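Novice: Next comes coords-v7.tsv, TSV, C-alpha atoms:
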```
chain	number	residue	atom	x	y	z
A	21	MET	CA	123.93	101.72	74.69
A	22	ALA	CA	125.85	101.15	71.44
A	23	TRP	CA	129.17	101.33	73.30
A	24	MET	CA	128.19	98.20	75.21
A	25	ALA	CA	128.31	96.27	71.91
A	26	TRP	CA	125.15	94.24	72.55
A	27	THR	CA	124.35	91.13	70.56
A	28	PRO	CA	120.93	89.41	70.52
A	29	ILE	CA	122.35	86.34	72.26
A	30	THR	CA	124.02	88.22	75.14
A	31	ALA	CA	120.90	90.40	75.51
A	32	ALA	CA	118.81	87.22	75.81
A	33	PHE	CA	121.31	85.78	78.29
A	34	PHE	CA	121.18	88.81	80.59
A	35	SER	CA	117.39	89.08	80.22
A	36	CYS	CA	117.14	85.48	81.47
A	37	ILE	CA	119.38	86.29	84.46
A	38	ILE	CA	117.36	89.41	85.31
A	39	LEU	CA	114.05	87.56	84.92
A	40	MET	CA	115.42	84.79	87.11
A	41	LEU	CA	116.33	87.30	89.84
A	42	ILE	CA	112.93	89.01	89.62
A	43	GLY	CA	111.26	85.61	89.73
A	44	MET	CA	113.28	84.62	92.78
A	45	GLY	CA	112.34	87.91	94.46
A	46	ILE	CA	108.64	87.33	93.85
A	47	TRP	CA	108.94	83.69	94.96
A	48	GLN	CA	110.65	84.83	98.15
A	49	ALA	CA	107.88	87.39	98.84
A	50	VAL	CA	105.13	84.83	98.22
A	51	SER	CA	106.75	81.95	100.09
A	52	PRO	CA	109.94	82.77	102.02
A	53	THR	CA	112.76	80.27	101.65
A	54	VAL	CA	113.57	77.80	104.42
A	55	PRO	CA	117.27	76.89	104.69
A	56	ARG	CA	117.70	73.15	104.21
A	57	ARG	CA	120.31	70.53	103.55
A	58	GLY	CA	120.20	68.37	100.45
A	59	PHE	CA	123.01	66.48	98.70
A	60	LEU	CA	125.28	69.55	98.84
A	61	PRO	CA	127.54	69.47	101.91
A	62	LEU	CA	126.08	72.68	103.36
A	63	THR	CA	122.80	74.23	104.43
A	64	THR	CA	121.45	76.36	101.61
A	65	THR	CA	118.63	78.77	100.88
A	66	ARG	CA	116.95	78.96	97.51
A	67	GLY	CA	119.19	81.89	96.50
A	68	ASP	CA	122.33	79.97	97.50
A	69	ARG	CA	121.27	77.06	95.34
A	70	LEU	CA	120.61	79.36	92.36
A	71	PHE	CA	124.08	80.89	92.78
A	72	ILE	CA	125.73	77.46	93.05
A	73	SER	CA	123.86	76.13	90.05
A	74	LEU	CA	124.67	79.17	87.88
A	75	LEU	CA	128.34	79.10	88.86
A	76	GLY	CA	128.40	75.35	88.21
A	77	ALA	CA	126.72	75.88	84.83
A	78	ALA	CA	129.41	78.40	83.87
A	79	TYR	CA	132.15	75.92	84.83
A	80	ILE	CA	130.42	73.08	82.97
A	81	HIS	CA	130.47	75.21	79.81
A	82	LEU	CA	134.13	76.16	80.31
A	83	GLY	CA	135.08	72.54	81.01
A	84	TRP	CA	133.16	71.40	77.95
A	85	MET	CA	135.03	73.86	75.73
A	86	ALA	CA	138.40	73.06	77.32
A	87	PHE	CA	138.22	69.26	77.29
A	88	THR	CA	135.94	68.20	74.44
A	89	ASP	CA	135.40	69.01	70.79
A	90	ALA	CA	131.72	68.03	70.93
A	91	ALA	CA	128.93	70.53	70.25
A	92	LEU	CA	128.40	73.06	73.02
A	93	TRP	CA	124.65	72.53	73.20
A	94	ILE	CA	125.30	69.10	74.78
A	95	GLY	CA	127.22	70.90	77.54
A	96	SER	CA	124.31	73.35	77.86
A	97	ILE	CA	121.89	70.46	78.39
A	98	ILE	CA	124.15	69.02	81.10
A	99	ALA	CA	124.36	72.48	82.70
A	100	LEU	CA	120.56	72.81	82.60
A	101	ALA	CA	120.21	69.37	84.20
A	102	TRP	CA	122.73	70.41	86.87
A	103	LEU	CA	120.68	73.59	87.52
A	104	ILE	CA	117.46	71.64	87.98
A	105	ILE	CA	119.11	68.98	90.18
A	106	VAL	CA	120.74	71.57	92.48
A	107	MET	CA	117.58	73.67	92.76
A	108	ARG	CA	115.44	70.63	93.53
A	109	TRP	CA	117.70	68.31	95.57
A	110	GLY	CA	120.71	70.48	96.47
B	512	MET	CA	109.14	84.53	117.93
B	513	ASN	CA	107.41	87.56	116.44
B	514	LYS	CA	109.92	89.38	114.32
B	515	ILE	CA	108.90	92.75	112.96
B	516	THR	CA	110.12	93.27	109.42
B	517	ASN	CA	110.06	96.52	107.54
B	518	ASN	CA	110.97	96.02	103.93
B	519	LYS	CA	111.01	99.77	103.26
B	520	ALA	CA	114.56	99.74	104.60
B	521	TRP	CA	115.58	98.10	101.31
B	522	PHE	CA	115.14	101.49	99.64
B	523	LEU	CA	118.18	102.66	101.60
B	524	VAL	CA	120.23	100.11	99.65
B	525	LEU	CA	119.24	101.66	96.30
B	526	PRO	CA	122.11	104.23	96.10
B	527	VAL	CA	124.66	101.46	96.64
B	528	PHE	CA	122.88	99.34	94.06
B	529	PHE	CA	123.15	102.12	91.47
B	530	ILE	CA	126.82	102.73	92.23
B	531	VAL	CA	127.62	99.02	91.95
B	532	ALA	CA	125.55	98.80	88.77
B	533	ILE	CA	127.49	101.61	87.11
B	534	SER	CA	130.92	100.64	88.39
B	535	ALA	CA	130.72	96.85	88.16
B	536	ILE	CA	127.65	95.26	86.61
B	537	ILE	CA	127.41	97.34	83.42
B	538	PRO	CA	131.16	97.03	82.65
B	539	LEU	CA	130.91	93.28	83.31
B	540	MET	CA	127.97	93.02	80.88
B	541	THR	CA	130.08	94.88	78.30
B	542	VAL	CA	132.93	92.43	78.80
B	543	VAL	CA	130.51	89.55	78.20
B	544	ASN	CA	129.36	91.25	74.99
B	545	TYR	CA	132.96	91.75	73.85
B	546	SER	CA	133.86	88.14	74.61
B	547	VAL	CA	131.59	86.77	71.87
B	548	GLN	CA	132.57	89.23	69.14
B	549	ASP	CA	135.51	90.14	66.96
B	550	ILE	CA	135.67	93.90	67.43
B	551	PHE	CA	137.66	96.18	65.15
B	552	ASP	CA	135.85	99.38	66.12
B	553	PRO	CA	132.40	100.10	67.64
B	554	GLN	CA	130.73	99.93	64.22
B	555	THR	CA	132.72	97.01	62.77
B	556	ARG	CA	132.16	93.92	64.85
B	557	PHE	CA	131.30	90.30	64.12
B	558	PHE	CA	129.67	87.66	66.28
B	559	VAL	CA	132.03	84.71	66.75
B	560	GLY	CA	130.21	82.69	69.41
B	561	THR	CA	132.48	80.85	71.82
B	562	GLU	CA	135.56	80.94	69.58
B	563	TRP	CA	137.56	83.24	71.88
B	564	PHE	CA	136.80	81.08	74.90
B	565	GLU	CA	138.02	77.96	73.08
B	566	GLN	CA	141.16	79.78	71.96
B	567	VAL	CA	141.91	81.16	75.42
B	568	LEU	CA	141.21	77.87	77.23
B	569	SER	CA	143.68	75.99	75.04
B	570	ASP	CA	146.39	78.66	75.25
B	571	ARG	CA	149.56	77.13	76.69
B	572	ARG	CA	150.92	80.53	77.86
B	573	LEU	CA	147.72	81.14	79.79
B	574	HIS	CA	148.02	77.76	81.54
B	575	ASP	CA	151.58	78.64	82.56
B	576	ALA	CA	150.54	82.09	83.81
B	577	LEU	CA	147.68	80.50	85.77
B	578	ILE	CA	150.01	77.98	87.44
B	579	ARG	CA	152.48	80.77	88.29
B	580	GLN	CA	149.63	82.83	89.69
B	581	ILE	CA	148.29	80.00	91.88
B	582	VAL	CA	151.76	79.18	93.25
B	583	TYR	CA	152.41	82.87	93.91
B	584	THR	CA	149.08	83.47	95.67
B	585	MET	CA	149.46	80.33	97.80
B	586	SER	CA	152.98	81.38	98.77
B	587	VAL	CA	151.78	84.86	99.69
B	588	LEU	CA	148.99	83.47	101.88
B	589	LEU	CA	151.19	80.80	103.50
B	590	ILE	CA	153.78	83.40	104.48
B	591	GLU	CA	151.70	86.50	105.24
B	592	VAL	CA	148.92	84.96	107.32
B	593	PRO	CA	151.05	83.06	109.92
B	594	LEU	CA	153.57	85.90	109.97
B	595	GLY	CA	150.82	88.49	110.44
B	596	ILE	CA	149.28	86.52	113.31
B	597	ALA	CA	152.69	86.03	114.94
B	598	VAL	CA	153.53	89.75	114.73
B	599	ALA	CA	150.07	90.73	116.03
B	600	LEU	CA	150.56	88.46	119.05
B	601	THR	CA	153.85	90.12	119.95
B	602	LEU	CA	152.62	93.72	119.69
B	603	PRO	CA	152.29	95.70	122.93
B	604	ARG	CA	148.78	96.09	124.36
B	605	LYS	CA	149.23	99.43	126.08
B	606	GLY	CA	151.61	102.34	126.41
B	607	TRP	CA	153.42	104.41	123.79
B	608	GLY	CA	154.51	101.24	121.99
B	609	VAL	CA	150.97	100.77	120.63
B	610	SER	CA	150.94	104.04	118.66
B	611	ALA	CA	154.56	103.61	117.56
B	612	SER	CA	154.01	100.10	116.22
B	613	MET	CA	150.72	101.06	114.54
B	614	VAL	CA	152.40	103.92	112.66
B	615	LEU	CA	155.37	101.74	111.69
B	616	LEU	CA	153.12	98.93	110.49
B	617	ALA	CA	150.82	101.25	108.56
B	618	LEU	CA	153.70	102.84	106.62
B	619	PRO	CA	154.09	100.15	103.91
B	620	LEU	CA	150.31	100.16	103.38
B	621	LEU	CA	150.34	103.88	102.61
B	622	ILE	CA	152.86	103.59	99.80
B	623	PRO	CA	151.36	103.38	96.29
B	624	TRP	CA	151.92	100.16	94.36
B	625	ASN	CA	154.16	101.60	91.65
B	626	VAL	CA	156.31	103.33	94.27
B	627	VAL	CA	156.69	100.00	96.11
B	628	GLY	CA	157.84	98.44	92.82
B	629	THR	CA	160.35	101.25	92.26
B	630	ILE	CA	161.66	101.06	95.83
B	631	TRP	CA	162.32	97.34	95.49
B	632	GLN	CA	163.70	97.72	92.00
B	633	ILE	CA	166.42	99.99	93.36
B	634	PHE	CA	166.78	98.12	96.67
B	635	GLY	CA	167.41	94.80	94.88
B	636	ARG	CA	170.01	96.09	92.42
B	637	ALA	CA	173.52	94.79	93.05
B	638	ASP	CA	175.24	98.02	91.97
B	639	ILE	CA	173.26	100.77	93.69
B	640	GLY	CA	170.72	98.94	95.92
B	641	LEU	CA	171.43	98.18	99.55
B	642	GLY	CA	169.65	94.79	99.55
B	643	GLY	CA	171.19	93.49	96.33
B	644	TYR	CA	174.64	94.77	97.31
B	645	LEU	CA	174.56	93.09	100.73
B	646	ILE	CA	173.33	89.76	99.33
B	647	ASN	CA	176.13	89.75	96.75
B	648	LEU	CA	178.60	90.74	99.46
B	649	MET	CA	177.67	87.52	101.28
B	650	GLY	CA	178.82	85.58	98.25
B	651	ILE	CA	175.35	84.81	96.86
B	652	ASP	CA	175.04	85.52	93.15
B	653	TYR	CA	171.80	87.49	93.22
B	654	ASN	CA	170.39	89.29	90.20
B	655	TYR	CA	166.62	89.61	89.85
B	656	ALA	CA	166.88	90.90	86.29
B	657	GLN	CA	168.56	87.74	85.00
B	658	ASN	CA	167.72	84.89	87.35
B	659	SER	CA	164.10	83.63	87.42
B	660	MET	CA	164.29	82.37	90.99
B	661	ASP	CA	165.78	85.64	92.22
B	662	ALA	CA	163.07	87.62	90.42
B	663	TRP	CA	160.38	85.37	91.87
B	664	LEU	CA	161.74	85.64	95.42
B	665	THR	CA	162.10	89.43	95.14
B	666	VAL	CA	158.47	89.82	94.05
B	667	LEU	CA	157.39	87.55	96.90
B	668	VAL	CA	159.44	89.34	99.56
B	669	MET	CA	158.18	92.68	98.23
B	670	ASP	CA	154.58	91.54	98.64
B	671	VAL	CA	155.28	90.25	102.14
B	672	TRP	CA	156.87	93.59	103.05
B	673	HIS	CA	153.98	95.54	101.54
B	674	TRP	CA	150.97	93.61	102.80
B	675	THR	CA	151.78	91.60	105.96
B	676	SER	CA	150.93	94.77	107.91
B	677	LEU	CA	147.34	94.48	106.76
B	678	ILE	CA	147.00	91.03	108.34
B	679	VAL	CA	148.81	92.28	111.46
B	680	LEU	CA	146.48	95.27	111.89
B	681	LEU	CA	143.36	93.18	111.32
B	682	CYS	CA	144.51	90.47	113.76
B	683	TYR	CA	145.53	93.07	116.28
B	684	ALA	CA	142.05	94.62	116.11
B	685	GLY	CA	140.60	91.12	116.68
B	686	LEU	CA	142.91	90.51	119.64
B	687	ARG	CA	142.08	93.87	121.21
B	688	SER	CA	138.38	92.97	121.23
B	689	ILE	CA	138.96	90.02	123.62
B	690	PRO	CA	137.91	90.99	127.16
B	691	ASP	CA	140.47	90.49	129.92
B	692	ALA	CA	138.08	88.09	131.67
B	693	TYR	CA	138.91	85.42	129.06
B	694	TYR	CA	142.61	85.61	129.86
B	695	GLN	CA	141.93	85.60	133.60
B	696	ALA	CA	139.75	82.49	133.26
B	697	ALA	CA	142.48	80.81	131.21
B	698	LYS	CA	145.05	81.69	133.87
B	699	ILE	CA	142.87	80.22	136.65
B	700	ASP	CA	142.46	77.03	134.60
B	701	GLY	CA	146.22	76.88	134.12
B	702	ALA	CA	145.90	76.99	130.32
B	703	SER	CA	149.13	76.86	128.35
B	704	ARG	CA	150.15	79.66	125.95
B	705	TRP	CA	149.20	77.40	123.03
B	706	ALA	CA	145.77	76.64	124.58
B	707	VAL	CA	145.10	80.36	125.04
B	708	PHE	CA	145.98	80.94	121.41
B	709	ARG	CA	144.03	77.95	120.10
B	710	PHE	CA	140.84	78.34	122.12
B	711	ILE	CA	140.62	82.08	122.86
B	712	GLN	CA	142.66	84.18	120.47
B	713	LEU	CA	142.27	82.23	117.22
B	714	PRO	CA	138.44	81.91	117.42
B	715	LYS	CA	138.16	85.61	118.24
B	716	MET	CA	140.36	86.48	115.27
B	717	GLN	CA	138.44	84.24	112.90
B	718	SER	CA	136.13	86.83	111.37
B	719	VAL	CA	138.90	89.38	110.77
B	720	LEU	CA	141.15	86.63	109.42
B	721	VAL	CA	138.47	85.67	106.89
B	722	ILE	CA	138.41	89.26	105.65
B	723	GLY	CA	142.21	89.43	105.71
B	724	VAL	CA	142.74	86.19	103.81
B	725	LEU	CA	140.05	87.08	101.27
B	726	LEU	CA	141.57	90.52	100.68
B	727	ARG	CA	145.06	89.08	100.33
B	728	PHE	CA	143.83	86.30	98.08
B	729	MET	CA	142.03	88.69	95.74
B	730	ASP	CA	144.79	91.29	95.75
B	731	SER	CA	147.60	88.81	95.16
B	732	PHE	CA	145.57	86.97	92.52
B	733	MET	CA	145.09	90.24	90.66
B	734	ILE	CA	148.60	91.61	91.29
B	735	TYR	CA	149.84	93.76	88.46
B	736	THR	CA	151.69	96.99	89.25
B	737	GLU	CA	154.46	95.84	91.58
B	738	PRO	CA	155.87	92.99	89.44
B	739	PHE	CA	155.32	95.11	86.32
B	740	VAL	CA	157.48	97.90	87.73
B	741	LEU	CA	160.01	95.58	89.39
B	742	THR	CA	160.66	92.95	86.73
B	743	GLY	CA	158.34	93.78	83.82
B	744	GLY	CA	157.17	90.15	83.98
B	745	GLY	CA	160.68	88.82	83.33
B	746	PRO	CA	163.21	87.41	83.06
B	747	GLY	CA	161.44	85.68	80.18
B	748	ASN	CA	157.95	85.14	81.52
B	749	ALA	CA	159.06	84.10	85.03
B	750	THR	CA	157.01	86.73	86.85
B	751	THR	CA	154.26	87.28	84.28
B	752	PHE	CA	151.10	86.78	86.28
B	753	LEU	CA	147.55	86.59	84.99
B	754	SER	CA	146.70	90.29	85.03
B	755	GLN	CA	149.90	91.20	83.21
B	756	PHE	CA	149.20	88.52	80.63
B	757	LEU	CA	145.69	89.93	80.24
B	758	THR	CA	146.90	93.53	79.92
B	759	ARG	CA	149.45	92.51	77.29
B	760	MET	CA	146.64	90.83	75.37
B	761	ALA	CA	144.11	93.65	75.69
B	762	VAL	CA	146.26	96.78	75.53
B	763	GLY	CA	149.48	95.57	73.93
B	764	GLN	CA	148.01	93.44	71.15
B	765	PHE	CA	144.54	95.04	71.22
B	766	ASP	CA	142.89	91.59	71.09
B	767	LEU	CA	139.72	92.76	72.82
B	768	GLY	CA	137.65	89.63	72.19
B	769	PRO	CA	140.15	87.06	73.58
B	770	ALA	CA	141.03	89.46	76.41
B	771	ALA	CA	137.35	89.77	77.35
B	772	ALA	CA	136.91	85.98	77.25
B	773	PHE	CA	140.00	85.56	79.40
B	774	SER	CA	138.75	88.24	81.85
B	775	LEU	CA	135.56	86.24	82.35
B	776	VAL	CA	137.48	83.02	83.02
B	777	TYR	CA	139.66	84.98	85.47
B	778	PHE	CA	136.56	86.43	87.13
B	779	LEU	CA	134.97	82.99	87.46
B	780	ILE	CA	138.10	81.58	89.11
B	781	ILE	CA	138.16	84.40	91.68
B	782	LEU	CA	134.41	84.12	92.26
B	783	LEU	CA	134.62	80.35	92.86
B	784	VAL	CA	137.62	80.48	95.19
B	785	CYS	CA	136.17	83.36	97.23
B	786	TRP	CA	132.81	81.65	97.53
B	787	VAL	CA	134.32	78.29	98.56
B	788	PHE	CA	136.62	79.94	101.07
B	789	TYR	CA	133.90	82.13	102.55
B	790	THR	CA	131.44	79.23	102.79
B	791	VAL	CA	133.95	76.85	104.38
B	792	VAL	CA	135.11	79.38	106.97
B	793	MET	CA	131.61	80.58	107.82
B	794	ASN	CA	130.32	77.01	108.19
B	795	ALA	CA	133.29	76.10	110.36
B	796	GLY	CA	132.43	79.12	112.54
B	797	LYS	CA	128.81	78.01	112.88
B	798	GLN	CA	129.81	74.47	113.80
B	799	GLY	CA	132.23	75.88	116.37
B	800	GLU	CA	129.41	77.83	118.01
B	801	GLN	CA	127.08	74.81	118.20
```
Go through the file and emit its structure as structure tokens.
Specialist:
Amino acid sequence: MAWMAWTPITAAFFSCIILMLIGMGIWQAVSPTVPRRGFLPLTTTRGDRLFISLLGAAYIHLGWMAFTDAALWIGSIIALAWLIIVMRWG
Amino acid sequence: MNKITNNKAWFLVLPVFFIVAISAIIPLMTVVNYSVQDIFDPQTRFFVGTEWFEQVLSDRRLHDALIRQIVYTMSVLLIEVPLGIAVALTLPRKGWGVSASMVLLALPLLIPWNVVGTIWQIFGRADIGLGGYLINLMGIDYNYAQNSMDAWLTVLVMDVWHWTSLIVLLCYAGLRSIPDAYYQAAKIDGASRWAVFRFIQLPKMQSVLVIGVLLRFMDSFMIYTEPFVLTGGGPGNATTFLSQFLTRMAVGQFDLGPAAAFSLVYFLIILLVCWVFYTVVMNAGKQGEQ
């Protein structure tokens, strides 16, 4: 695995993603998702909302780095808030 | 409604999962790892955080390449999709003409990318190429090696020549799946040619068009070989698109960290556009059915 040039931070990042997917799988098995419509302009399942929120979080980070000089952790907090909002009310 | 589900069928997906994991997910993870490090060799590497992302996002040359790429991809889609539909509508439905046109249309698709670039490189030359010679004979000063607009148009026409057939074949397959009863009903109702196209042919072509547009979007957004062979990205940087910019960075300058960061930005752009496009078209289809 040395050729993949792992770092502790990227390992933690991918572990979170994998845990999130496993968690979503278990959640789906325990209580299957019901497609619904929240503030997003389309009907979404739980998985759709996770995808949208993760993609949005990536863009929030990129936008933060491109347009501001402020610390990145502020962008991360906004991204986390976005993730929670989309998962709950999206 | 009692729906019987058998989740054991998911095991059949496992081989595909492993193939995708090896060919896509693991390399993507490696790119993410590279994007946060300054790598000199596998043993000598330093964590730099988001430095490469900040550098890449503020790179003026990258912004220019991105704008060129967006304009190019939009042009490709705006030309190839309507042209492909128009050609598909005019193709014969039976007789020997079907096989003949299928073979003729499939020919450009069978030619490898670098050969297409070479063909057009020679074809466009004013001294030995038929196309370039004829254009100059008409009094137009055409030289794709020196004039940016000429180079741009040549790359665009080359792509149209190479890939419109794909849209044509997909649309033709969609058109062939429409039962004759639809056309007969339209005839009885006295529907115009436009009405037949708008309410019968276009909805039936929708699913294949989605695939076609997505394929053309992704392919043209990642175009590398043809412009590389034809113009080498020039004159100047006039036809340097994103992938060529990336290759120059990764292979030419061996800047693996910035190249990895840029690859991820590139990947996110493609992922977002494909998702938006797919969602919009699929939702439009559902609303149409309701």
Novice: Give me the residues of segment 31-100 of chain A that have any atom at most 12 Å from an atom of segment 767-778 of chain B; for each, the nearest atom pair and the distance in Å, rounded to one decimal. Use all atoms listed in the file, sort by chain and number, and format it as a Markdown table.
Specialist:
```
| residue | atom | partner | partner_atom | distance |
| --- | --- | --- | --- | --- |
| A:Leu75 | CA | B:Phe778 | CA | 11.1 |
| A:Ala78 | CA | B:Val776 | CA | 9.3 |
| A:Tyr79 | CA | B:Val776 | CA | 9.1 |
| A:His81 | CA | B:Val776 | CA | 11.0 |
| A:Leu82 | CA | B:Val776 | CA | 8.1 |
| A:Gly83 | CA | B:Val776 | CA | 10.9 |
| A:Met85 | CA | B:Val776 | CA | 12.0 |
| A:Ala86 | CA | B:Val776 | CA | 11.5 |
```
Novice: Keeping only C-alpha atoms, write the selected residues as a PDB file, keeping the file's coordinate frame.
Specialist:
```pdb
ATOM      1  CA  LEU A  75     128.340  79.100  88.860  1.00  0.00           C
ATOM      2  CA  ALA A  78     129.410  78.400  83.870  1.00  0.00           C
ATOM      3  CA  TYR A  79     132.150  75.920  84.830  1.00  0.00           C
ATOM      4  CA  HIS A  81     130.470  75.210  79.810  1.00  0.00           C
ATOM      5  CA  LEU A  82     134.130  76.160  80.310  1.00  0.00           C
ATOM      6  CA  GLY A  83     135.080  72.540  81.010  1.00  0.00           C
ATOM      7  CA  MET A  85     135.030  73.860  75.730  1.00  0.00           C
ATOM      8  CA  ALA A  86     138.400  73.060  77.320  1.00  0.00           C
TER       9      ALA A  86
END
```
Novice: Measuring between only C-alpha atoms, which one of B:Leu782, B:Leu594, B:Met716, B:Met793 shows the shortest distance to Gly76 of chain A?
Specialist: B:Leu782
Novice: In Å, how far is it from atom CA of Val542 of chain B to atom CA of Ile37 of chain A?
Specialist: 15.9 Å
Novice: Could you name the residues that touch Leu616 of chain B at 12 Å or less, counting all atoms listed in the file, but leaving out those on the same chain fewer than 4 positions away, as a list in words?
Specialist: Gly595, Val598, Ala599, Leu602, Gly608, Val609, Ser610, Ala611, Ser612, Leu620, Leu621, Ile622, Trp672, His673, Trp674, Thr675, Ser676, Leu677, Ile678, Val679, Leu680, Leu681 and Tyr683 of chain B
Novice: Starting from chain B, keep only residues with some atom at most 6 Å from an atom of chain A, counting all atoms listed in the file, and report them as an mmCIF file with C-alpha atoms, keeping the file's coordinate frame.
Specialist:
```
data_model
loop_
_atom_site.group_PDB
_atom_site.id
_atom_site.type_symbol
_atom_site.label_atom_id
_atom_site.label_comp_id
_atom_site.auth_asym_id
_atom_site.auth_seq_id
_atom_site.Cartn_x
_atom_site.Cartn_y
_atom_site.Cartn_z
ATOM 1 C CA THR B 541 130.080 94.880 78.300
ATOM 2 C CA ASN B 544 129.360 91.250 74.990
ATOM 3 C CA GLU B 565 138.020 77.960 73.080
ATOM 4 C CA LEU B 568 141.210 77.870 77.230
#
```
Novice: Tell me, as a list in words, which residues lie within 7 Å of segment 42-55 of chain A, counting all atoms listed in the file; anything in the same chain fewer than 6 positions away does not count.
Specialist: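 Near neighbours after the sequence-gap exclusion: Thr63, Thr64, Thr65 and Arg66 of chain A.
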Novice: Tell me which protein, DNA and RNA residues are within 12 Å of Gly642 of chain B, counting all atoms listed in the file, leaving out same-chain ones fewer than 3 positions away, and put them as a list of chain:residue names.
Specialist: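 Skipping anything fewer than 3 positions along the chain leaves B:Ile630, B:Trp631, B:Gln632, B:Ile633, B:Phe634, B:Gly635, B:Arg636, B:Ala637, B:Asp638, B:Ile639, B:Leu645, B:Ile646, B:Asn647, B:Leu648, B:Met649, B:Ile651, B:Tyr653, B:Asn654, B:Tyr655, B:Thr665, B:Val668, B:Met669.
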Novice: One decimal, in Å: what's the spacing between atom CA of Ile711 of chain B and atom CA of Ala696 of chain B?
Specialist: 10.4 Å
Novice: Quick one: residues within 9 Å of Leu74 of chain A, all atoms listed in the file counted, chain neighbours fewer than 5 positions away excluded, as a list in words?
Specialist: Arg69, Tyr79, Ala99 and Leu103 of chain A
Novice: So how many Å separate atom CA of Thr751 of chain B and atom CA of Arg727 of chain B, to one decimal?
Specialist: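 One can read the atom CA of Thr751 of chain B to atom CA of Arg727 of chain B distance as 18.6 Å.
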